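So this one's my_file.cif, mmCIF, C-alpha atoms:
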```
data_my_file
loop_
_atom_site.label_atom_id
_atom_site.label_comp_id
_atom_site.auth_asym_id
_atom_site.auth_seq_id
_atom_site.Cartn_x
_atom_site.Cartn_y
_atom_site.Cartn_z
CA MET G 7 -12.69 -20.04 2.14
CA THR G 8 -14.75 -17.63 0.07
CA ARG G 9 -15.37 -18.44 -3.59
CA ARG G 10 -14.79 -16.14 -6.53
CA THR G 11 -17.64 -15.75 -9.01
CA GLY G 12 -15.92 -14.20 -12.00
CA GLY G 13 -15.63 -10.66 -10.63
CA VAL G 14 -12.74 -9.07 -8.77
CA LEU G 15 -14.22 -9.57 -5.30
CA PRO G 16 -15.06 -12.99 -3.83
CA GLU G 17 -18.66 -14.10 -3.70
CA GLY G 18 -20.71 -12.09 -1.21
CA LEU G 19 -18.04 -9.50 -0.38
CA ALA G 20 -19.54 -6.61 -2.34
CA GLU G 21 -22.94 -7.29 -0.74
CA ALA G 22 -21.33 -7.44 2.71
CA ILE G 23 -19.52 -4.12 2.18
CA ARG G 24 -22.67 -2.43 0.94
CA GLY G 25 -24.85 -3.95 3.66
CA THR G 26 -22.41 -3.09 6.45
CA ALA G 27 -22.18 0.52 5.29
CA ASP G 28 -25.98 0.71 5.21
CA ASP G 29 -26.22 -0.81 8.70
CA ILE G 30 -23.70 1.68 10.08
CA ALA G 31 -25.64 4.54 8.48
CA ALA G 32 -28.85 3.28 10.11
CA VAL G 33 -27.11 3.22 13.51
CA LEU G 34 -25.86 6.78 13.02
CA ARG G 35 -29.29 8.01 12.03
CA THR G 36 -30.78 6.84 15.33
CA PRO G 37 -32.46 9.84 16.99
CA ALA G 38 -30.38 10.72 20.03
CA ARG G 39 -29.63 14.07 21.59
CA ASP G 40 -26.01 15.12 21.08
CA ALA G 41 -25.29 11.65 19.61
CA GLY G 42 -22.07 12.87 18.01
CA ARG G 43 -20.64 13.79 21.42
CA LEU G 44 -21.29 10.43 23.08
CA PRO G 45 -18.12 8.54 24.07
CA VAL G 46 -17.18 5.35 22.26
CA PRO G 47 -16.41 2.52 24.74
CA ARG G 48 -12.72 1.48 24.95
CA SER G 49 -11.73 4.50 22.87
CA THR G 50 -10.72 8.13 23.25
CA TRP G 51 -13.06 9.06 20.38
CA THR G 52 -16.63 10.29 20.44
CA VAL G 53 -19.32 8.93 18.11
CA GLY G 54 -18.79 11.92 15.81
CA GLU G 55 -15.04 11.33 15.65
CA ALA G 56 -15.39 7.58 15.03
CA ALA G 57 -17.95 8.21 12.28
CA ALA G 58 -15.73 10.89 10.73
CA HIS G 59 -12.82 8.44 10.74
CA LEU G 60 -14.98 5.85 8.97
CA ALA G 61 -16.02 8.37 6.33
CA GLN G 62 -12.39 9.33 5.78
CA ALA G 63 -11.21 5.71 5.70
CA ASN G 64 -13.86 4.75 3.16
CA ALA G 65 -12.76 7.70 1.00
CA LEU G 66 -9.14 6.52 1.31
CA MET G 67 -10.09 2.99 0.25
CA ALA G 68 -12.12 4.31 -2.68
CA ASP G 69 -9.14 6.41 -3.83
CA LEU G 70 -6.80 3.42 -3.57
CA ALA G 71 -9.23 1.28 -5.56
CA ALA G 72 -9.34 3.99 -8.23
CA GLY G 73 -5.55 3.90 -8.54
CA HIS G 74 -4.71 7.09 -6.63
CA GLU G 75 -1.62 7.11 -4.40
CA ARG G 76 -2.52 8.06 -0.82
CA PRO G 77 0.40 7.97 1.65
CA TYR G 78 -0.95 7.14 5.11
CA GLY G 79 1.63 6.15 7.73
CA ASP G 80 4.22 3.42 7.27
CA GLY G 81 1.96 0.43 7.96
CA THR G 82 2.74 0.08 11.67
CA PRO G 83 -0.16 0.42 14.14
CA GLY G 84 1.45 3.46 15.77
CA SER G 85 1.95 5.32 12.50
CA LEU G 86 -1.61 4.54 11.39
CA ALA G 87 -2.97 5.92 14.66
CA GLU G 88 -0.97 9.12 14.14
CA ALA G 89 -2.21 9.42 10.56
CA ASN G 90 -5.79 8.96 11.79
CA GLU G 91 -5.44 11.80 14.28
CA ARG G 92 -3.90 14.14 11.70
CA ALA G 93 -6.69 13.35 9.24
CA LEU G 94 -9.39 13.98 11.86
CA ALA G 95 -7.82 17.29 12.84
CA GLY G 96 -8.21 18.50 9.26
CA PHE G 97 -11.84 17.39 8.86
CA ASP G 98 -14.55 19.30 10.72
CA GLU G 99 -17.71 17.26 10.16
CA ARG G 100 -18.92 15.47 13.30
CA SER G 101 -22.69 15.25 12.74
CA PRO G 102 -23.85 11.61 12.52
CA GLY G 103 -26.43 12.21 9.75
CA PRO G 104 -24.14 13.73 7.12
CA LEU G 105 -21.38 11.27 8.03
CA ALA G 106 -23.79 8.36 7.51
CA GLY G 107 -24.31 9.51 3.93
CA MET G 108 -20.56 9.85 3.35
CA ILE G 109 -19.88 6.35 4.66
CA THR G 110 -22.37 4.72 2.30
CA ALA G 111 -21.44 6.87 -0.71
CA ARG G 112 -17.74 6.18 -0.32
CA ALA G 113 -18.29 2.44 0.15
CA ALA G 114 -20.26 2.50 -3.10
CA ALA G 115 -17.44 4.43 -4.80
CA PHE G 116 -14.97 1.76 -3.66
CA LEU G 117 -17.15 -0.99 -5.13
CA GLY G 118 -17.49 0.88 -8.41
CA SER G 119 -13.72 1.29 -8.77
CA ILE G 120 -12.53 -2.08 -7.49
CA GLU G 121 -14.41 -4.05 -10.14
CA GLU G 122 -12.39 -2.21 -12.80
CA ARG G 123 -9.12 -3.57 -11.38
CA ASP G 124 -7.08 -6.51 -12.57
CA PRO G 125 -7.67 -9.19 -9.86
CA ALA G 126 -4.00 -10.18 -10.01
CA GLU G 127 -2.54 -6.66 -9.75
CA PRO G 128 -1.68 -5.63 -6.16
CA ILE G 129 -2.67 -2.20 -4.88
CA SER G 130 -0.47 -0.03 -2.64
CA THR G 131 -2.18 0.45 0.74
CA PRO G 132 -1.23 1.64 4.25
CA LEU G 133 -0.45 -2.01 5.10
CA GLY G 134 1.60 -2.70 1.99
CA ARG G 135 0.63 -4.12 -1.39
CA LEU G 136 -2.65 -6.05 -1.27
CA SER G 137 -4.68 -7.77 -3.95
CA PRO G 138 -8.02 -6.09 -4.79
CA ALA G 139 -9.87 -8.94 -3.05
CA VAL G 140 -7.83 -8.55 0.14
CA LEU G 141 -8.29 -4.76 0.02
CA GLY G 142 -12.06 -5.33 -0.11
CA SER G 143 -11.76 -7.65 2.87
CA TYR G 144 -9.73 -4.92 4.65
CA LEU G 145 -12.49 -2.36 4.03
CA LEU G 146 -15.12 -4.74 5.40
CA THR G 147 -13.00 -5.55 8.47
CA HIS G 148 -12.43 -1.88 9.21
CA MET G 149 -16.11 -1.00 8.90
CA LEU G 150 -17.20 -3.93 11.09
CA GLY G 151 -14.79 -2.95 13.87
CA HIS G 152 -15.82 0.69 14.01
CA GLY G 153 -19.44 -0.14 13.24
CA TYR G 154 -19.46 -2.35 16.33
CA ASP G 155 -18.06 0.56 18.36
CA LEU G 156 -20.76 2.92 17.12
CA ALA G 157 -23.56 0.43 17.77
CA LEU G 158 -22.26 -0.10 21.31
CA ALA G 159 -22.01 3.64 21.96
CA LEU G 160 -25.54 4.28 20.65
CA ASP G 161 -27.06 1.16 22.28
CA ARG G 162 -28.06 -0.40 18.98
CA PRO G 163 -27.63 -4.00 17.71
CA HIS G 164 -24.28 -4.46 15.98
CA MET G 165 -23.92 -5.58 12.36
CA LEU G 166 -21.47 -8.47 12.79
CA ASP G 167 -22.50 -11.98 11.81
CA ALA G 168 -20.76 -15.23 10.91
CA ARG G 169 -20.89 -14.69 7.15
CA ARG G 170 -19.45 -11.19 7.32
CA VAL G 171 -16.71 -12.33 9.69
CA GLU G 172 -15.76 -15.16 7.31
CA LEU G 173 -15.27 -12.55 4.58
CA THR G 174 -12.73 -10.71 6.78
CA LEU G 175 -10.42 -13.73 6.92
CA PRO G 176 -8.44 -12.97 3.74
CA PHE G 177 -7.40 -9.64 5.23
CA MET G 178 -6.89 -10.94 8.76
CA ILE G 179 -4.64 -13.75 7.53
CA GLU G 180 -2.65 -11.36 5.32
CA ALA G 181 -2.31 -8.70 8.02
CA MET G 182 -1.30 -10.82 11.02
CA PRO G 183 2.43 -10.99 10.24
CA ARG G 184 2.43 -7.24 9.61
CA VAL G 185 0.77 -6.32 12.92
CA ALA G 186 2.46 -8.84 15.22
CA ASP G 187 3.59 -7.18 18.44
CA PRO G 188 7.40 -7.54 18.44
CA ALA G 189 7.58 -7.65 22.23
CA ALA G 190 4.79 -10.25 22.50
CA VAL G 191 6.21 -12.67 19.91
CA ALA G 192 9.89 -12.23 20.82
CA GLY G 193 11.46 -15.62 21.48
CA LEU G 194 8.19 -17.50 20.89
CA THR G 195 8.09 -20.66 18.75
CA ALA G 196 4.62 -22.20 18.41
CA SER G 197 2.07 -23.29 15.82
CA PHE G 198 -1.66 -22.53 15.96
CA ALA G 199 -4.70 -23.90 14.16
CA VAL G 200 -7.47 -21.32 14.39
CA ARG G 201 -10.97 -22.43 13.42
CA LEU G 202 -14.25 -20.56 13.31
CA ARG G 203 -17.14 -22.57 14.72
CA SER G 204 -19.06 -24.12 11.78
CA GLY G 205 -16.71 -22.28 9.43
CA PRO G 206 -13.20 -22.23 7.94
CA GLY G 207 -9.84 -22.25 9.67
CA PHE G 208 -6.29 -21.07 9.09
CA GLY G 209 -2.80 -21.54 10.48
CA VAL G 210 -0.31 -19.32 12.27
CA VAL G 211 3.27 -20.49 12.79
CA ILE G 212 5.67 -18.42 14.91
CA THR G 213 9.35 -19.30 14.78
CA ASP G 214 11.53 -17.39 17.22
CA GLY G 215 9.34 -14.33 16.85
CA THR G 216 8.83 -14.53 13.07
CA VAL G 217 5.14 -14.90 12.15
CA ARG G 218 3.87 -16.81 9.12
CA THR G 219 0.23 -17.44 8.25
CA ASP G 220 -1.43 -19.95 5.95
CA HIS G 221 -4.98 -20.43 4.71
CA GLU G 222 -4.82 -24.03 5.95
CA PRO G 223 -4.20 -25.03 9.60
CA PRO G 224 -0.97 -26.93 10.33
CA ALA G 225 -1.25 -30.73 10.55
CA ARG G 226 0.12 -30.95 14.11
CA PRO G 227 -0.43 -27.60 15.85
CA ASP G 228 0.79 -26.88 19.34
CA CYS G 229 -2.53 -25.21 20.09
CA THR G 230 -5.92 -25.44 18.40
CA ILE G 231 -8.33 -22.56 18.97
CA LEU G 232 -12.03 -22.93 18.19
CA THR G 233 -13.98 -19.72 18.45
CA GLU G 234 -17.41 -18.33 17.71
CA PRO G 235 -16.98 -16.13 14.60
CA VAL G 236 -18.08 -12.78 16.01
CA ALA G 237 -15.95 -13.32 19.10
CA PHE G 238 -12.98 -14.14 16.85
CA LEU G 239 -13.18 -10.82 15.03
CA LEU G 240 -13.76 -8.76 18.17
CA LEU G 241 -10.82 -10.45 19.87
CA GLY G 242 -8.64 -9.90 16.82
CA LEU G 243 -9.56 -6.21 16.69
CA GLY G 244 -8.95 -5.71 20.40
CA ARG G 245 -12.61 -5.07 21.24
CA LEU G 246 -12.86 -7.94 23.76
CA ASP G 247 -10.59 -9.43 26.42
CA PRO G 248 -9.82 -13.16 26.04
CA TRP G 249 -10.72 -14.46 29.49
CA PRO G 250 -14.40 -13.40 29.57
CA VAL G 251 -14.83 -14.86 26.07
CA ILE G 252 -13.30 -18.15 27.23
CA ALA G 253 -15.43 -18.15 30.39
CA ARG G 254 -18.60 -17.87 28.28
CA GLY G 255 -17.53 -20.81 26.12
CA LYS G 256 -17.15 -18.71 22.97
CA ALA G 257 -13.50 -19.70 22.56
CA LEU G 258 -11.82 -23.01 23.40
CA GLY G 259 -8.18 -24.07 23.23
CA TRP G 260 -6.54 -27.49 23.34
CA GLY G 261 -3.44 -29.37 22.16
CA ARG G 262 0.11 -29.83 23.43
CA LYS G 263 0.22 -26.21 24.64
CA PRO G 264 -3.38 -25.18 25.43
CA TRP G 265 -2.21 -22.35 27.67
CA LEU G 266 -1.22 -20.43 24.52
CA ALA G 267 -4.88 -19.92 23.54
CA PRO G 268 -5.59 -16.89 25.83
CA ARG G 269 -2.22 -15.42 24.86
CA PHE G 270 -2.88 -15.64 21.11
CA PRO G 271 -4.96 -12.42 20.60
CA ARG G 272 -2.36 -10.40 22.49
CA LEU G 273 0.38 -11.42 20.06
CA PHE G 274 -1.01 -8.85 17.60
CA ARG G 275 -1.80 -5.14 17.65
CA ALA G 276 -4.90 -4.12 15.72
CA PRO G 277 -4.10 -1.52 13.03
#
```

Show the structure stored in the file as structure tokens.
Amino acid sequence: MTRRTGGVLPEGLAEAIRGTADDIAAVLRTPARDAGRLPVPRSTWTVGEAAAHLAQANALMADLAAGHERPYGDGTPGSLAEANERALAGFDERSPGPLAGMITARAAAFLGSIEERDPAEPISTPLGRLSPAVLGSYLLTHMLGHGYDLALALDRPHMLDARRVELTLPFMIEAMPRVADPAAVAGLTASFAVRLRSGPGFGVVITDGTVRTDHEPPARPDCTILTEPVAFLLLGLGRLDPWPVIARGKALGWGRKPWLAPRFPRLFRAP
């Protein structure tokens, strides 16, 4: 996994947050007529609405890092979606240029505040109490997901790469039990070893619908999944469907129950 270098955030995470925010801002500043009104693929939002949500989310994360209480849903995907819509309704800015500046400024504010935190003191967040390092990983994950959407909508290269995806793993591992789809995991008992190609892995054990994750894969999993890092994150965030990814060889599954591999991403609902 990622190494800590004496600060609050693991090695490379601050640079990834700053770089991702800058990359998203560059995408939003692409000259395009009525760019803010363009639709975002696989979403009901426009570019302007998705960018406004990112600006608001980065402000929320910066406030949390600074120690401010910010109620925002009850942690379930449905309540977070409702909170997002209420927040957007009360925020009028939809122009990509100004929003680009907000996204970068608020990411910088988060980084300034988080390094003042005690690394061992959890912070209250919309998904429960998270360590400062996991909250930083959450911010990066959120920006990469919506940054990918904006790049796709504006026909620009996305900002996901293997190193940035690896830095999302602390949050992804922490969040999985909290965002498991109750209907999808009901009655299921299975163990998974999930590995990123040329990178780290982790374990997911489901016992009669109860989900537990671990930073190490289980010794004898029912199903091992090997996936290209960017595909892993996009699958986990619901941006891709499993079967085309498998058909292109970007995800492989084997073990005693290999048929569980395509089912795995659908066991969770992206927050």

Next item on the list: Could you tell me which residues the PyMOL selection byres ((chain G and resi 189) around 12) returns for this structure, as a ChimeraX atom specification?
Entry: /G:185-188,190-194,214-216,272-275

Next item on the list: Identify, on the basis of only C-alpha atoms, every residue whose closest approach to region 146-153 of chain G does not exceed 10 Å; exclude the query and any residue fewer than 4 positions from it along the same chain; express the result as an MDAnalysis selection string.
Entry: chainID G and resid 19:20 22:27 29:31 33:34 46 53 56:57 59:61 63:64 109 113 140:142 157:159 164:167 170:171 173:178 239:240 242:245 277

Checklist line | Separation of CA of Ala58 (chain G) from CA of Ser137 (chain G) in Å | finding: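 One can read the CA of Ser137 (chain G) to CA of Ala58 (chain G) distance as 26.2 Å.
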
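Nearest to Phe116 (chain G) of all the residues G:Gly259, G:Gly18, G:Gly96, G:Gly73 is G:Gly73, counting only C-alpha atoms.
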
Item checked: Contacts of Ser130 (chain G) within 10 Å, all atoms listed in the file, excl. fewer than 6 positions in-chain, as a PyMOL selection string -> chain G and resi 70-71+73-77+136-138+141

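In this comparison, which uses only C-alpha atoms, the residue of G:Ala253, G:Pro102, G:Leu266, G:Pro271 approaching Arg39 (chain G) most closely is G:Pro102.
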
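Distance-wise, CA of Ser101 (chain G) and CA of Asp40 (chain G) end up 9.0 Å apart.
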
Check: Separation of CA of Ile179 (chain G) and CA of Phe270 (chain G), in Å?
Finding: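 For CA of Ile179 (chain G) relative to CA of Phe270 (chain G), the distance reads 13.8 Å.
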
Notebook entry, point to check: With only C-alpha atoms as the atoms that count, which of G:Asp98, G:Ala139, G:Pro132, G:Trp51 lies nearest to Leu66 (chain G)?
Noted result: G:Pro132

Next item on the list: Point out the residue among G:Ala237, G:Ala41, G:Gly13, G:Ala111 with the least atom-to-atom distance to Asp161 (chain G), counting all atoms listed in the file.
Entry: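 So, comparing all the options, the nearest one is G:Ala41.
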
Next item on the list: Give as a ChimeraX atom specification the residues that the PyMOL selection byres ((chain G and resi 224) around 9) matches when applied to the coordinates above.
Entry: /G:197-199,208-211,220,222-223,225-227

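Proximity to Gly103 (chain G) was assessed for G:Leu117, G:Leu44, G:Ala89, G:Ala38 counting all atoms listed in the file; the smallest distance is recorded for G:Ala38.
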